[in-house]
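Undergrad: The following block contains the structure, expressed as structure tokens.
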Amino acid sequence: MSTSNHETPLLELKDLHVGFRNDKEIVPAVQGVNLTLYPGQVVAIVGESGSGKSTTAHAIIDLLPGAGEVTGGEILFDGKKISGSSRKQIMALRGSSIGLVPQDPMTNLNPLWRVGTQIKEVLKVNGIAKGKEADKRVVELLQEAGLPDGEKRANQYPHEFSGGMRQRALIAMGLAARPKL
């Protein structure tokens, strides 16, 4: 895809630094990440385990675990600085504007809720659909994510899915609100 100088990047990371507080000091985890992503582009971040891929993604939407914090640099989304934004401002972006597909489907799906109920919740929270319309959309999302027989799958619990099927359910959830990123 070609980009003109007039097109605003969808995401910019400028010299991003992330660390984890350990009693009195901050232990660096991510140092100096720069990334510019334009609408329609696809970027893969690769690296060995522990290199900071997930930490970088979690920093973008302020979902760093426990003592994690952005310690330097800037995060811009759609031309607006979001690093340092309030929790309320970031939460307004999650799901509707920025989607995240977590790595581990075992810990990111509630074992007590049917898969379809969990996807339907994303649709409800983001004001996309309710009731029968949401039920129909859940089936479509599961099928778009590569799960045949979406109606049957929506009524099953996560333990009834293989690992790959659970990952596809998370993909359906992450893309449910059709986020820009």
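Ordered as shown in the structure tokens, chains take letters A, B, and onward, while each chain numbers its residues from 1 and ligands are numbered from 1 in the order shown.
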Which of region 28-160 of chain A counts as helix (DSSP H, G or I) under DSSP, as a ChimeraX atom specification please?
TA: /A:53-60,87-93,105-108,115-125,131-144,150-154,158-160
Undergrad: Env of Gly95 (chain A): 10 Å cut, atoms = only C-alpha atoms, seq-sep filter 3 positions within chain, self excluded. Answer as number ranges by chain.
TA: A: 61, 91-92, 98-100, 122-123, 125-126, 173-181
Undergrad: Within region 71-108 of chain A, find each residue whose DSSP state, derived from the backbone, is strand (DSSP E or B), and express the selection as an MDAnalysis selection string.
TA: chainID A and resid 71:77 80:81 94 98
Undergrad: With N, CA, C and O atoms retained, could you export that selection as a short mmCIF file (atom, residue, chain, number, x, y, z; two decimals), in the first residue's frame?
TA:
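Printed below is result_24.cif as written:
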```
data_model
loop_
_atom_site.label_atom_id
_atom_site.label_comp_id
_atom_site.auth_asym_id
_atom_site.auth_seq_id
_atom_site.Cartn_x
_atom_site.Cartn_y
_atom_site.Cartn_z
N THR A 71 7.63 4.20 30.60
CA THR A 71 8.59 5.06 31.29
C THR A 71 9.19 6.13 30.38
O THR A 71 9.92 7.00 30.85
N GLY A 72 8.87 6.07 29.10
CA GLY A 72 9.38 7.07 28.18
C GLY A 72 8.81 6.91 26.80
O GLY A 72 8.25 5.87 26.46
N GLY A 73 8.92 7.97 26.02
CA GLY A 73 8.44 7.95 24.65
C GLY A 73 6.97 8.30 24.56
O GLY A 73 6.35 8.73 25.54
N GLU A 74 6.45 8.13 23.36
CA GLU A 74 5.06 8.50 23.10
C GLU A 74 4.35 7.40 22.31
O GLU A 74 4.96 6.72 21.50
N ILE A 75 3.04 7.31 22.56
CA ILE A 75 2.17 6.44 21.79
C ILE A 75 1.09 7.34 21.21
O ILE A 75 0.39 8.03 21.95
N LEU A 76 0.98 7.35 19.87
CA LEU A 76 -0.05 8.15 19.21
C LEU A 76 -0.96 7.21 18.44
O LEU A 76 -0.50 6.30 17.75
N PHE A 77 -2.26 7.45 18.56
CA PHE A 77 -3.25 6.67 17.83
C PHE A 77 -4.10 7.64 17.04
O PHE A 77 -4.68 8.57 17.59
N LYS A 80 -3.41 11.30 17.67
CA LYS A 80 -3.56 11.86 19.01
C LYS A 80 -2.70 11.09 20.00
O LYS A 80 -2.69 9.86 20.00
N LYS A 81 -2.03 11.81 20.88
CA LYS A 81 -1.20 11.17 21.90
C LYS A 81 -2.11 10.46 22.90
O LYS A 81 -3.02 11.08 23.48
N ARG A 94 -10.44 0.82 23.64
CA ARG A 94 -10.33 -0.64 23.63
C ARG A 94 -11.56 -1.28 23.00
O ARG A 94 -12.68 -0.97 23.37
N ILE A 98 -9.28 -0.04 19.04
CA ILE A 98 -8.08 -0.87 19.10
C ILE A 98 -8.47 -2.24 19.65
O ILE A 98 -8.98 -2.34 20.76
#
```
Undergrad: Give me the residues within 10 Å of Arg168 (chain A) as a list in words, counting only C-alpha atoms and dropping any in the same chain fewer than 5 places off.
TA: Val101, Pro105, Leu141, Leu142, Gln143, Glu144, Ala145, Gly146, Leu147, Phe161, Ser162, Gly163, Met173 and Gly174 of chain A
Undergrad: Pick out the closest residue to Val115 (chain A) from this set: A:Ala169, A:Leu93, A:Val139, A:Leu10. Count only C-alpha atoms.
TA: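 Using only C-alpha atoms, Val115 (chain A) sits closest to A:Ala169.
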Undergrad: Restricting the calculation to only C-alpha atoms: of A:Val70, A:Thr107, A:Val43, A:Val27, which residue gets closest to Asp15 (chain A)?
TA: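 Answer, going by the shortest atom-to-atom distance: A:Val70.
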Undergrad: How far is it from CA of Ser54 (chain A) to CA of Gly32 (chain A), in Å with one decimal?
TA: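 Value for the CA of Ser54 (chain A)-CA of Gly32 (chain A) distance: 15.1 Å.
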Undergrad: Please indicate the distance in Å from CA of Ile128 (chain A) to CA of Ser97 (chain A), rounded to one decimal place.
TA: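 Spanning CA of Ile128 (chain A) to CA of Ser97 (chain A) is a straight-line distance of 12.6 Å.
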Undergrad: Quick one: of A:Asn155, A:Asp62, A:Gly50, A:Gly116, who's nearest to Lys88 (chain A), counting only C-alpha atoms?
TA: A:Asp62
Undergrad: My list of candidates is A:Ala134, A:Leu112, A:Met165, A:Ala59. Which is closest to Ala29 (chain A) when distances are computed with only C-alpha atoms?
TA: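 Result for the nearest residue to Ala29 (chain A): A:Ala59.
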Undergrad: Kindly give the distance, in Å, that separates CA of Val42 (chain A) and CA of Leu16 (chain A), rounded to a single decimal.
TA: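 Taking CA of Val42 (chain A) and CA of Leu16 (chain A), their separation equals 19.8 Å.
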Undergrad: Between A:Ile45, A:Pro65, A:Ser51, A:Gly79, which residue has the minimum interatomic distance to Glu7 (chain A), considering only C-alpha atoms?
TA: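 Ranking A:Ile45, A:Pro65, A:Ser51, A:Gly79 by distance to Glu7 (chain A), first place goes to A:Gly79.
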Undergrad: For each of A:Arg114, A:Ala57, A:Ala129, A:Glu121, take the minimum atom-to-atom distance to Gln156 (chain A), counting only C-alpha atoms, then give the residue where this is smallest.
TA: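 Ranking A:Arg114, A:Ala57, A:Ala129, A:Glu121 by distance to Gln156 (chain A), first place goes to A:Arg114.
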Undergrad: Applying 7 Å and only C-alpha atoms, which residues near Tyr38 (chain A) remain after dropping the ones on its own chain fewer than 2 positions away? List them as a VMD selection string.
TA: chain A and resid 9 to 11 36 40 to 41
